[in-house]
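Next comes query29.cif, a file with mmCIF, C-alpha atoms.
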data_target
#
loop_
_atom_site.label_atom_id
_atom_site.label_comp_id
_atom_site.auth_asym_id
_atom_site.auth_seq_id
_atom_site.Cartn_x
_atom_site.Cartn_y
_atom_site.Cartn_z
CA MET A 944 -29.44 13.01 16.24
CA ARG A 945 -27.09 12.44 13.30
CA GLU A 946 -25.24 9.18 12.94
CA THR A 947 -21.59 9.26 13.85
CA LEU A 948 -19.07 8.01 11.30
CA THR A 949 -18.59 4.94 13.50
CA GLU A 950 -22.33 4.23 13.38
CA ILE A 951 -22.35 4.68 9.61
CA TYR A 952 -19.37 2.33 9.30
CA ASP A 953 -21.01 -0.29 11.50
CA ARG A 954 -24.22 -0.08 9.53
CA MET A 955 -22.35 -0.56 6.25
CA THR A 956 -20.37 -3.53 7.57
CA HIS A 957 -23.52 -5.17 8.91
CA ALA A 958 -25.11 -4.72 5.49
CA GLY A 959 -22.11 -6.35 3.84
CA ASP A 960 -21.03 -3.20 2.00
CA LEU A 961 -17.75 -3.09 3.93
CA ARG A 962 -15.60 -5.63 5.74
CA GLN A 963 -15.26 -4.91 9.46
CA ASP A 964 -11.70 -4.00 10.42
CA ALA A 965 -10.68 -2.99 13.93
CA ALA A 966 -7.82 -0.73 12.78
CA GLN A 967 -10.11 1.20 10.46
CA ARG A 968 -12.84 1.49 13.06
CA ALA A 969 -10.40 2.83 15.65
CA LEU A 970 -9.69 5.87 13.47
CA LEU A 971 -13.30 6.95 13.05
CA PRO A 972 -13.58 8.90 16.34
CA GLU A 973 -10.67 11.07 15.20
CA LEU A 974 -12.45 11.80 11.92
CA ASP A 975 -15.69 12.43 13.83
CA ARG A 976 -13.85 15.02 15.96
CA ILE A 977 -12.84 16.90 12.82
CA ARG A 978 -16.30 16.61 11.28
CA ALA A 979 -18.06 17.93 14.38
CA ALA A 980 -15.67 20.88 14.77
CA LEU A 981 -15.96 21.90 11.11
CA GLU A 982 -19.75 21.70 11.14
CA ASP A 983 -19.94 23.64 14.40
CA ARG A 984 -17.77 26.45 13.04
CA ALA A 985 -19.69 26.52 9.78
CA GLY A 986 -22.91 26.90 11.73
CA ARG A 987 -21.53 29.74 13.87
CA ARG A 988 -20.19 31.58 10.80
CA LYS A 989 -23.74 31.64 9.42
CA GLY A 990 -24.89 33.41 12.56
CA LEU A 991 -25.59 37.10 12.90
CA LEU A 992 -21.96 38.07 13.57
CA GLY A 993 -20.39 35.54 11.24
CA GLY A 994 -17.68 37.06 9.10
CA LEU A 995 -18.16 40.64 10.33
CA PHE A 996 -14.66 41.05 11.63
CA GLY A 997 -12.84 39.56 8.64
CA LYS A 998 -10.49 37.36 10.68
CA ALA A 999 -10.18 33.77 9.53
CA PRO A 1000 -10.94 31.25 12.27
CA ASP A 1001 -8.17 28.96 13.44
CA ALA A 1002 -8.07 25.80 11.38
CA VAL A 1003 -9.50 22.69 13.00
CA ARG A 1004 -6.59 20.36 13.71
CA GLY A 1005 -6.47 17.93 10.80
CA LEU A 1006 -5.27 14.36 10.29
CA TYR A 1007 -2.33 12.77 8.50
CA LEU A 1008 -3.31 9.12 8.01
CA TRP A 1009 -0.58 6.85 6.74
CA GLY A 1010 -0.02 3.15 6.22
CA GLY A 1011 0.61 0.48 3.62
CA VAL A 1012 -1.33 0.32 0.39
CA GLY A 1013 -4.73 -1.33 0.41
CA ARG A 1014 -5.41 -0.77 4.10
CA GLY A 1015 -8.63 1.17 3.59
CA LYS A 1016 -7.31 4.74 3.90
CA SER A 1017 -9.16 5.96 0.81
CA MET A 1018 -12.37 4.28 1.93
CA LEU A 1019 -12.15 6.11 5.27
CA MET A 1020 -11.54 9.35 3.40
CA ASP A 1021 -14.62 8.70 1.24
CA LEU A 1022 -16.71 8.09 4.34
CA PHE A 1023 -15.39 11.21 6.09
CA HIS A 1024 -15.63 13.60 3.14
CA ALA A 1025 -19.17 12.50 2.30
CA GLY A 1026 -20.19 12.83 5.94
CA VAL A 1027 -18.98 16.41 6.57
CA ALA A 1028 -22.03 18.64 6.12
CA ILE A 1029 -20.31 21.77 4.83
CA ASP A 1030 -20.13 23.12 1.30
CA ALA A 1031 -16.60 24.55 1.46
CA LYS A 1032 -14.82 21.24 1.10
CA ARG A 1033 -12.86 19.46 -1.59
CA ARG A 1034 -11.32 16.04 -2.04
CA VAL A 1035 -8.50 15.76 -4.57
CA HIS A 1036 -5.48 13.58 -5.33
CA PHE A 1037 -2.45 15.36 -3.89
CA HIS A 1038 -0.47 15.18 -7.12
CA ALA A 1039 -3.35 16.72 -9.09
CA PHE A 1040 -3.65 19.50 -6.50
CA MET A 1041 0.04 20.36 -6.76
CA GLN A 1042 -0.25 20.48 -10.55
CA GLU A 1043 -3.03 23.05 -10.14
CA VAL A 1044 -0.93 25.04 -7.66
CA GLN A 1045 2.07 25.12 -9.97
CA ALA A 1046 -0.12 26.39 -12.81
CA ALA A 1047 -1.64 29.06 -10.53
CA LEU A 1048 1.84 30.15 -9.38
CA HIS A 1049 2.93 30.48 -13.00
CA ALA A 1050 -0.08 32.71 -13.71
CA ALA A 1051 0.52 34.80 -10.57
CA ARG A 1052 4.16 35.42 -11.45
CA LYS A 1053 3.08 36.87 -14.77
CA THR A 1054 1.29 39.65 -12.87
CA GLY A 1055 4.56 40.77 -11.31
CA VAL A 1056 3.68 40.05 -7.67
CA ASP A 1057 6.59 39.79 -5.24
CA ASP A 1058 5.22 36.67 -3.55
CA ALA A 1059 3.27 34.40 -5.91
CA ILE A 1060 2.37 31.90 -3.20
CA ARG A 1061 0.28 34.38 -1.21
CA PRO A 1062 -2.46 35.09 -3.82
CA VAL A 1063 -2.66 31.37 -4.64
CA ALA A 1064 -3.13 30.47 -0.97
CA GLU A 1065 -5.65 33.28 -0.50
CA GLU A 1066 -7.71 32.09 -3.46
CA ILE A 1067 -7.80 28.52 -2.14
CA ALA A 1068 -8.65 29.64 1.40
CA ALA A 1069 -11.42 31.92 0.16
CA LYS A 1070 -13.29 28.90 -1.18
CA LEU A 1071 -12.46 26.07 1.23
CA ARG A 1072 -12.53 25.18 4.91
CA LEU A 1073 -11.60 21.53 4.34
CA LEU A 1074 -9.06 20.02 1.95
CA CYS A 1075 -8.94 16.22 1.71
CA PHE A 1076 -5.92 14.77 -0.07
CA ASP A 1077 -5.45 11.26 -1.32
CA GLU A 1078 -1.90 9.94 -1.37
CA MET A 1079 0.33 12.76 -0.21
CA GLN A 1080 3.79 12.19 -1.58
CA ILE A 1081 6.51 14.61 -2.63
CA THR A 1082 8.76 13.57 -5.49
CA ASP A 1083 9.22 16.83 -7.36
CA ILE A 1084 11.77 19.45 -6.26
CA ALA A 1085 9.45 22.25 -7.40
CA ASP A 1086 6.68 20.96 -5.11
CA ALA A 1087 9.09 20.37 -2.23
CA MET A 1088 10.24 23.98 -2.28
CA ILE A 1089 6.76 25.52 -1.99
CA VAL A 1090 4.62 23.20 0.15
CA GLY A 1091 5.90 24.54 3.47
CA ARG A 1092 4.90 28.17 2.90
CA LEU A 1093 1.73 27.20 1.01
CA PHE A 1094 0.43 24.98 3.81
CA GLN A 1095 1.43 27.48 6.49
CA MET A 1096 -0.66 30.11 4.72
CA LEU A 1097 -3.59 27.71 4.32
CA PHE A 1098 -3.52 26.75 8.00
CA ASP A 1099 -3.24 30.41 9.03
CA ARG A 1100 -6.33 31.18 6.93
CA GLY A 1101 -8.42 28.51 8.63
CA VAL A 1102 -8.15 25.64 6.14
CA THR A 1103 -8.23 22.17 7.70
CA VAL A 1104 -6.28 19.42 5.94
CA VAL A 1105 -6.95 15.69 6.11
CA THR A 1106 -4.64 13.53 4.04
CA THR A 1107 -3.69 9.93 3.40
CA SER A 1108 -0.21 8.75 2.54
CA ASN A 1109 1.73 5.55 2.12
CA ARG A 1110 4.62 7.15 4.04
CA ALA A 1111 5.12 8.46 7.53
CA PRO A 1112 5.75 12.23 7.55
CA ASP A 1113 9.45 11.73 8.31
CA ASP A 1114 9.79 9.67 5.11
CA LEU A 1115 8.32 12.28 2.78
CA TYR A 1116 10.72 13.43 0.06
CA LYS A 1117 13.27 10.96 1.43
CA ASP A 1118 16.68 11.35 -0.25
CA GLY A 1119 15.26 14.28 -2.27
CA LEU A 1120 17.40 17.11 -3.57
CA ASN A 1121 17.97 19.86 -0.95
CA ARG A 1122 15.92 17.87 1.57
CA PRO A 1123 17.05 19.97 4.58
CA LEU A 1124 15.01 22.84 3.09
CA PHE A 1125 11.97 20.55 3.16
CA LEU A 1126 12.23 19.50 6.82
CA PRO A 1127 10.29 22.50 8.21
CA PHE A 1128 7.27 21.26 6.23
CA ILE A 1129 7.44 17.93 8.06
CA ALA A 1130 7.58 19.79 11.37
CA LEU A 1131 4.59 21.88 10.29
CA LEU A 1132 2.54 18.77 9.48
CA LYS A 1133 3.28 17.29 12.90
CA ASP A 1134 2.43 20.57 14.62
CA ARG A 1135 -0.88 21.24 12.84
CA MET A 1136 -2.19 17.71 12.24
CA GLU A 1137 -2.69 14.52 14.18
CA VAL A 1138 -0.46 11.79 12.73
CA ARG A 1139 -1.98 8.33 12.85
CA GLU A 1140 -0.92 5.04 11.29
CA ILE A 1141 -3.47 2.51 10.10
CA GLU A 1142 -1.93 -0.79 11.07
CA SER A 1143 -4.33 -3.25 9.47
CA GLU A 1144 -2.71 -6.43 8.23
CA THR A 1145 -5.16 -6.70 5.36
CA ASP A 1146 -4.59 -5.35 1.86
CA TYR A 1147 -8.19 -5.15 0.64
CA ARG A 1148 -7.37 -4.67 -3.01
CA GLN A 1149 -5.16 -7.73 -2.84
CA HIS A 1150 -7.90 -9.62 -1.02
CA ARG A 1151 -10.50 -8.82 -3.67
CA LEU A 1152 -8.23 -10.24 -6.37
CA GLN A 1153 -7.11 -13.24 -4.33
CA GLY A 1154 -7.66 -16.28 -6.50
CA ALA A 1155 -9.61 -14.27 -9.09
CA GLN A 1156 -8.96 -14.45 -12.82
CA VAL A 1157 -6.75 -11.53 -13.81
CA TYR A 1158 -5.74 -12.43 -17.39
CA PHE A 1159 -8.48 -12.59 -20.02
CA ALA A 1160 -7.98 -13.93 -23.54
CA PRO A 1161 -9.21 -13.25 -26.11
CA ALA A 1162 -9.87 -9.55 -25.57
CA ASP A 1163 -13.51 -9.77 -26.54
CA ARG A 1164 -16.74 -8.40 -25.15
CA THR A 1165 -16.77 -10.94 -22.32
CA ALA A 1166 -13.28 -9.83 -21.27
CA LYS A 1167 -14.27 -6.16 -21.42
CA GLU A 1168 -17.29 -6.77 -19.22
CA ALA A 1169 -15.16 -8.72 -16.73
CA LEU A 1170 -12.61 -5.92 -16.52
CA GLY A 1171 -15.42 -3.45 -16.04
CA ARG A 1172 -16.73 -5.43 -13.07
CA ILE A 1173 -13.26 -5.63 -11.50
CA TRP A 1174 -12.74 -1.89 -12.02
CA SER A 1175 -16.07 -1.09 -10.36
CA GLU A 1176 -15.35 -3.38 -7.42
CA LEU A 1177 -11.86 -2.01 -6.79
CA THR A 1178 -12.82 1.65 -7.14
CA GLY A 1179 -16.35 1.68 -5.81
CA GLY A 1180 -17.76 2.62 -9.18
CA GLY A 1181 -15.18 4.55 -11.15
CA ALA A 1182 -12.44 7.15 -11.38
CA ASP A 1183 -12.39 10.30 -9.29
CA ALA A 1184 -9.56 12.09 -11.14
CA ALA A 1185 -6.90 11.55 -13.72
CA LEU A 1186 -3.46 10.48 -12.51
CA ARG A 1187 -0.90 13.04 -13.64
CA LEU A 1188 2.77 12.12 -13.38
CA THR A 1189 5.55 14.59 -14.07
CA VAL A 1190 8.53 12.78 -15.58
CA LYS A 1191 11.60 14.73 -16.67
CA GLY A 1192 9.52 17.86 -17.23
CA ARG A 1193 6.82 16.03 -19.18
CA GLU A 1194 3.36 15.08 -18.00
CA VAL A 1195 2.06 11.53 -18.34
CA VAL A 1196 -1.70 11.35 -17.84
CA ILE A 1197 -3.77 8.25 -17.02
CA GLU A 1198 -7.37 9.35 -17.40
CA ASP A 1199 -8.99 6.59 -15.32
CA TYR A 1200 -7.63 6.44 -11.78
CA HIS A 1201 -8.89 6.00 -8.23
CA ALA A 1202 -6.98 5.38 -4.99
CA GLY A 1203 -4.06 3.44 -6.40
CA VAL A 1204 -6.00 1.68 -9.17
CA ALA A 1205 -5.43 2.78 -12.79
CA ARG A 1206 -7.12 1.66 -16.00
CA ALA A 1207 -5.76 2.16 -19.51
CA SER A 1208 -5.59 0.50 -22.91
CA PHE A 1209 -2.47 -1.01 -24.46
CA TRP A 1210 -2.41 1.88 -26.93
CA ASP A 1211 -2.69 4.47 -24.15
CA LEU A 1212 0.54 3.20 -22.62
CA CYS A 1213 2.45 1.54 -25.46
CA GLY A 1214 1.19 3.42 -28.50
CA ARG A 1215 2.69 6.68 -27.25
CA PRO A 1216 6.43 7.45 -27.14
CA LEU A 1217 6.88 6.60 -23.47
CA GLY A 1218 10.09 5.25 -21.98
CA PRO A 1219 11.46 3.44 -18.92
CA ALA A 1220 11.25 6.52 -16.68
CA ASP A 1221 7.55 6.94 -17.50
CA TYR A 1222 6.77 3.30 -16.73
CA LEU A 1223 8.80 3.39 -13.51
CA ALA A 1224 6.85 6.46 -12.38
CA LEU A 1225 3.56 4.71 -13.17
CA ALA A 1226 4.62 1.54 -11.36
CA GLY A 1227 5.55 3.59 -8.33
CA ALA A 1228 2.22 5.42 -8.28
CA VAL A 1229 -0.29 2.57 -8.67
CA ARG A 1230 -1.08 -0.62 -6.80
CA VAL A 1231 -3.23 -2.20 -9.50
CA LEU A 1232 -3.16 -1.63 -13.27
CA ILE A 1233 -6.04 -2.75 -15.46
CA LEU A 1234 -4.65 -2.95 -19.01
CA GLU A 1235 -7.00 -3.59 -21.91
CA ASP A 1236 -6.63 -4.91 -25.45
CA ILE A 1237 -3.06 -6.18 -25.66
CA PRO A 1238 -2.76 -7.19 -29.36
CA HIS A 1239 -0.69 -9.82 -31.12
CA LEU A 1240 2.85 -8.49 -31.38
CA SER A 1241 5.29 -8.75 -34.29
CA SER A 1242 7.77 -6.77 -36.37
CA GLU A 1243 4.83 -4.70 -37.62
CA ASN A 1244 4.30 -3.15 -34.19
CA TYR A 1245 7.86 -3.63 -32.94
CA ASN A 1246 8.13 -0.25 -31.16
CA GLN A 1247 4.90 -0.82 -29.28
CA ALA A 1248 6.05 -4.34 -28.39
CA LYS A 1249 9.33 -2.99 -26.98
CA ARG A 1250 7.43 -0.52 -24.85
CA PHE A 1251 5.16 -3.28 -23.62
CA VAL A 1252 8.17 -5.35 -22.54
CA THR A 1253 9.55 -2.33 -20.66
CA LEU A 1254 6.17 -1.68 -19.04
CA ILE A 1255 5.85 -5.28 -17.83
CA ASP A 1256 9.39 -5.19 -16.44
CA ALA A 1257 8.55 -2.03 -14.45
CA LEU A 1258 5.29 -3.49 -13.12
CA TYR A 1259 6.98 -6.78 -12.27
CA GLU A 1260 9.83 -5.19 -10.31
CA ALA A 1261 7.43 -2.93 -8.40
CA LYS A 1262 5.06 -5.84 -7.61
CA VAL A 1263 2.10 -4.05 -9.20
CA ARG A 1264 -0.99 -6.23 -9.58
CA LEU A 1265 -1.81 -6.52 -13.31
CA VAL A 1266 -5.31 -7.27 -14.58
CA CYS A 1267 -5.48 -7.40 -18.37
CA SER A 1268 -7.16 -8.55 -21.54
CA ALA A 1269 -5.11 -9.78 -24.50
CA ALA A 1270 -5.52 -11.20 -27.97
CA ASP A 1271 -3.98 -14.51 -26.87
CA GLU A 1272 -2.27 -16.39 -24.08
CA PRO A 1273 1.12 -14.90 -23.05
CA GLU A 1274 3.19 -17.47 -24.96
CA ARG A 1275 1.27 -16.83 -28.17
CA LEU A 1276 1.29 -13.03 -28.15
CA TYR A 1277 4.66 -12.71 -29.93
CA MET A 1278 5.27 -15.73 -32.10
CA GLU A 1279 7.66 -14.56 -34.81
CA GLY A 1280 9.87 -11.71 -35.93
CA GLU A 1281 12.56 -9.64 -34.27
CA GLY A 1282 12.10 -9.59 -30.54
CA SER A 1283 10.11 -12.81 -30.26
CA PHE A 1284 12.94 -14.63 -28.44
CA GLU A 1285 13.37 -11.83 -25.91
CA PHE A 1286 9.62 -11.83 -25.34
CA GLU A 1287 9.82 -15.26 -23.73
CA ARG A 1288 10.86 -13.61 -20.45
CA THR A 1289 7.91 -11.23 -20.67
CA ALA A 1290 5.53 -14.13 -21.28
CA SER A 1291 6.96 -15.90 -18.26
CA ARG A 1292 6.45 -12.79 -16.13
CA LEU A 1293 2.88 -12.42 -17.37
CA ARG A 1294 2.24 -15.97 -16.20
CA GLU A 1295 3.89 -15.36 -12.83
CA MET A 1296 1.89 -12.17 -12.31
CA GLN A 1297 -1.34 -14.16 -12.54
CA ALA A 1298 -0.56 -15.99 -9.28
CA ALA A 1299 -3.10 -15.47 -6.51
CA ASP A 1300 -0.53 -13.95 -4.13
CA TRP A 1301 1.23 -11.75 -6.70
CA GLY A 1302 2.07 -8.35 -5.27
CA ALA A 1303 1.34 -9.39 -1.67
CA GLY A 1304 4.82 -8.36 -0.57
CA ARG A 1305 4.57 -4.77 -1.70
CA GLY A 1306 4.14 -1.77 0.55
#

Would you mind writing the file out in structure tokens?
Amino acid sequence: MRETLTEIYDRMTHAGDLRQDAAQRALLPELDRIRAALEDRAGRRKGLLGGLFGKAPDAVRGLYLWGGVGRGKSMLMDLFHAGVAIDAKRRVHFHAFMQEVQAALHAARKTGVDDAIRPVAEEIAAKLRLLCFDEMQITDIADAMIVGRLFQMLFDRGVTVVTTSNRAPDDLYKDGLNRPLFLPFIALLKDRMEVREIESETDYRQHRLQGAQVYFAPADRTAKEALGRIWSELTGGGADAALRLTVKGREVVIEDYHAGVARASFWDLCGRPLGPADYLALAGAVRVLILEDIPHLSSENYNQAKRFVTLIDALYEAKVRLVCSAADEPERLYMEGEGSFEFERTASRLREMQAADWGAGRG
């Protein structure tokens, strides 16, 4: 007899690998329902008559799991996805998936088809019975205009969707352009998926950093090793996909990302010609940013220094938890030259962001 997800969860909490949480545990029977139904159908499809009549089975009713950041949604998704014993499954960040879809639609249109969404949906459904999305959110008008028909076609072709989100379905694409055209998608989600909120009071990423050192100077080998340990603890070992943000038609890519935690160097974010809109998009997409190798700043790297100030302002306003390594203490990063006076506010914010409860009010 296979372990249920609840039994696996209990075993992991007893071993100290997870912290027991009643709100998380209460959701496991719902995920077990989906797992059992998917495995049962996969087994029957392998039988003698499986696939002979060419009709896709009805999709197993999926789950839309929403709640504040750091509540354990991604951990539950990890547990569920790993525990479903079928091959035709995929877990992917929702934004990355929509980037792939947009690229596939572009390629399909080049072939002259009347309806580009149909072949894209058919290709996805031919490979998958389960799609697991991390962090469903709709911010792009192009995505908003296609998700309804795309998901309808996926559901009709037997694809089950399980997704996490920081927002309730009714808050998706809130205040977006032409939002009335998007509302049928919300109705579709409610019709084809169970909607459950995880109501835990605990932000686990915040808890792990509570009282921990988050600013390391100088940026030496010891600091790098410390950041590596924090990254591993917050992500369970590393990135699962790059974070891709579309800003004003451009793509900003953060290569190391997992479940709201991003890791980048100073030069990744401030050495490139990024602006306020890019940093605001990043701050809205992540809960924790690990930033490495902030150098001494001066007139010699004035443009990079200006970008760094803008980045810190965006992180500060969004209450993003910052973990970083730097050449010096905040007050000694920018000692002379144009911009040094203005940097005093940034230094003050860097100090404030080291507080144990920084970011606790977000989400």

Residues picked by the PyMOL selection byres ((chain A and resi 1162) around 10) here, as a PyMOL selection string?
chain A and resi 1158-1161+1163-1167+1235-1238+1267-1271

Target residues per the PyMOL selection byres ((chain A and resi 1106) around 9), formatted as a list of chain:residue names:
A:Gly1005, A:Leu1006, A:Tyr1007, A:Leu1008, A:Trp1009, A:Met1020, A:Phe1037, A:Leu1074, A:Cys1075, A:Phe1076, A:Asp1077, A:Glu1078, A:Met1079, A:Val1104, A:Val1105, A:Thr1107, A:Ser1108

Box for stretch 1021-1029 of chain A - axis-aligned, 6 Å on each of the six sides, all listed atoms - centre and size in Å to one decimal, as lines of an AutoDock Vina configuration file.
center_x = -18.3
center_y = 14.9
center_z = 3.9
size_x = 19.4
size_y = 25.7
size_z = 17.3

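The coordinates place atom CA of A:Phe1098 at 13.5 Å from atom CA of A:Ala1130.
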
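Among the candidates A:Pro1216, A:Ala1228, A:Phe1286, A:Arg1004, the one nearest to A:Asp1134 when counting only C-alpha atoms is A:Arg1004.
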
Kindly indicate which residue among A:Gln967, A:Thr1289, A:Ser1241, A:Thr956 lies nearest to A:Leu1254, using all atoms listed in the file for the distances.
A:Thr1289

Got a sec to resolve the PyMOL selection byres ((chain A and resi 1215) around 12) on this structure and send the residues as a ChimeraX atom specification?
/A:1195-1196,1208-1214,1216-1218,1221-1222,1246-1251

For the selection you just gave me, I'd like the residues written to a file as a PDB file, keeping the file's coordinate frame, keeping C-alpha atoms.
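This is the output file again-v3.pdb:
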ATOM      1  CA  VAL A1195       2.060  11.530 -18.340  1.00  0.00           C
ATOM      2  CA  VAL A1196      -1.700  11.350 -17.840  1.00  0.00           C
ATOM      3  CA  SER A1208      -5.590   0.500 -22.910  1.00  0.00           C
ATOM      4  CA  PHE A1209      -2.470  -1.010 -24.460  1.00  0.00           C
ATOM      5  CA  TRP A1210      -2.410   1.880 -26.930  1.00  0.00           C
ATOM      6  CA  ASP A1211      -2.690   4.470 -24.150  1.00  0.00           C
ATOM      7  CA  LEU A1212       0.540   3.200 -22.620  1.00  0.00           C
ATOM      8  CA  CYS A1213       2.450   1.540 -25.460  1.00  0.00           C
ATOM      9  CA  GLY A1214       1.190   3.420 -28.500  1.00  0.00           C
ATOM     10  CA  PRO A1216       6.430   7.450 -27.140  1.00  0.00           C
ATOM     11  CA  LEU A1217       6.880   6.600 -23.470  1.00  0.00           C
ATOM     12  CA  GLY A1218      10.090   5.250 -21.980  1.00  0.00           C
ATOM     13  CA  ASP A1221       7.550   6.940 -17.500  1.00  0.00           C
ATOM     14  CA  TYR A1222       6.770   3.300 -16.730  1.00  0.00           C
ATOM     15  CA  ASN A1246       8.130  -0.250 -31.160  1.00  0.00           C
ATOM     16  CA  GLN A1247       4.900  -0.820 -29.280  1.00  0.00           C
ATOM     17  CA  ALA A1248       6.050  -4.340 -28.390  1.00  0.00           C
ATOM     18  CA  LYS A1249       9.330  -2.990 -26.980  1.00  0.00           C
ATOM     19  CA  ARG A1250       7.430  -0.520 -24.850  1.00  0.00           C
ATOM     20  CA  PHE A1251       5.160  -3.280 -23.620  1.00  0.00           C
TER      21      PHE A1251
END

Could you build a table of the residues in stretch 1136-1228 of chain A lying no more than 10 Å from stretch 1040-1060 of chain A, giving for each the nearest pair of atoms and their separation in Å rounded to one decimal place, using all atoms listed in the file, ordered by chain and ascending residue number, as a Markdown table?
| residue | atom | partner | partner_atom | distance |
| --- | --- | --- | --- | --- |
| A:Arg1187 | CA | A:Gln1042 | CA | 8.1 |
| A:Leu1188 | CA | A:Gln1042 | CA | 9.3 |
| A:Thr1189 | CA | A:Gln1042 | CA | 9.0 |
| A:Glu1194 | CA | A:Gln1042 | CA | 9.9 |
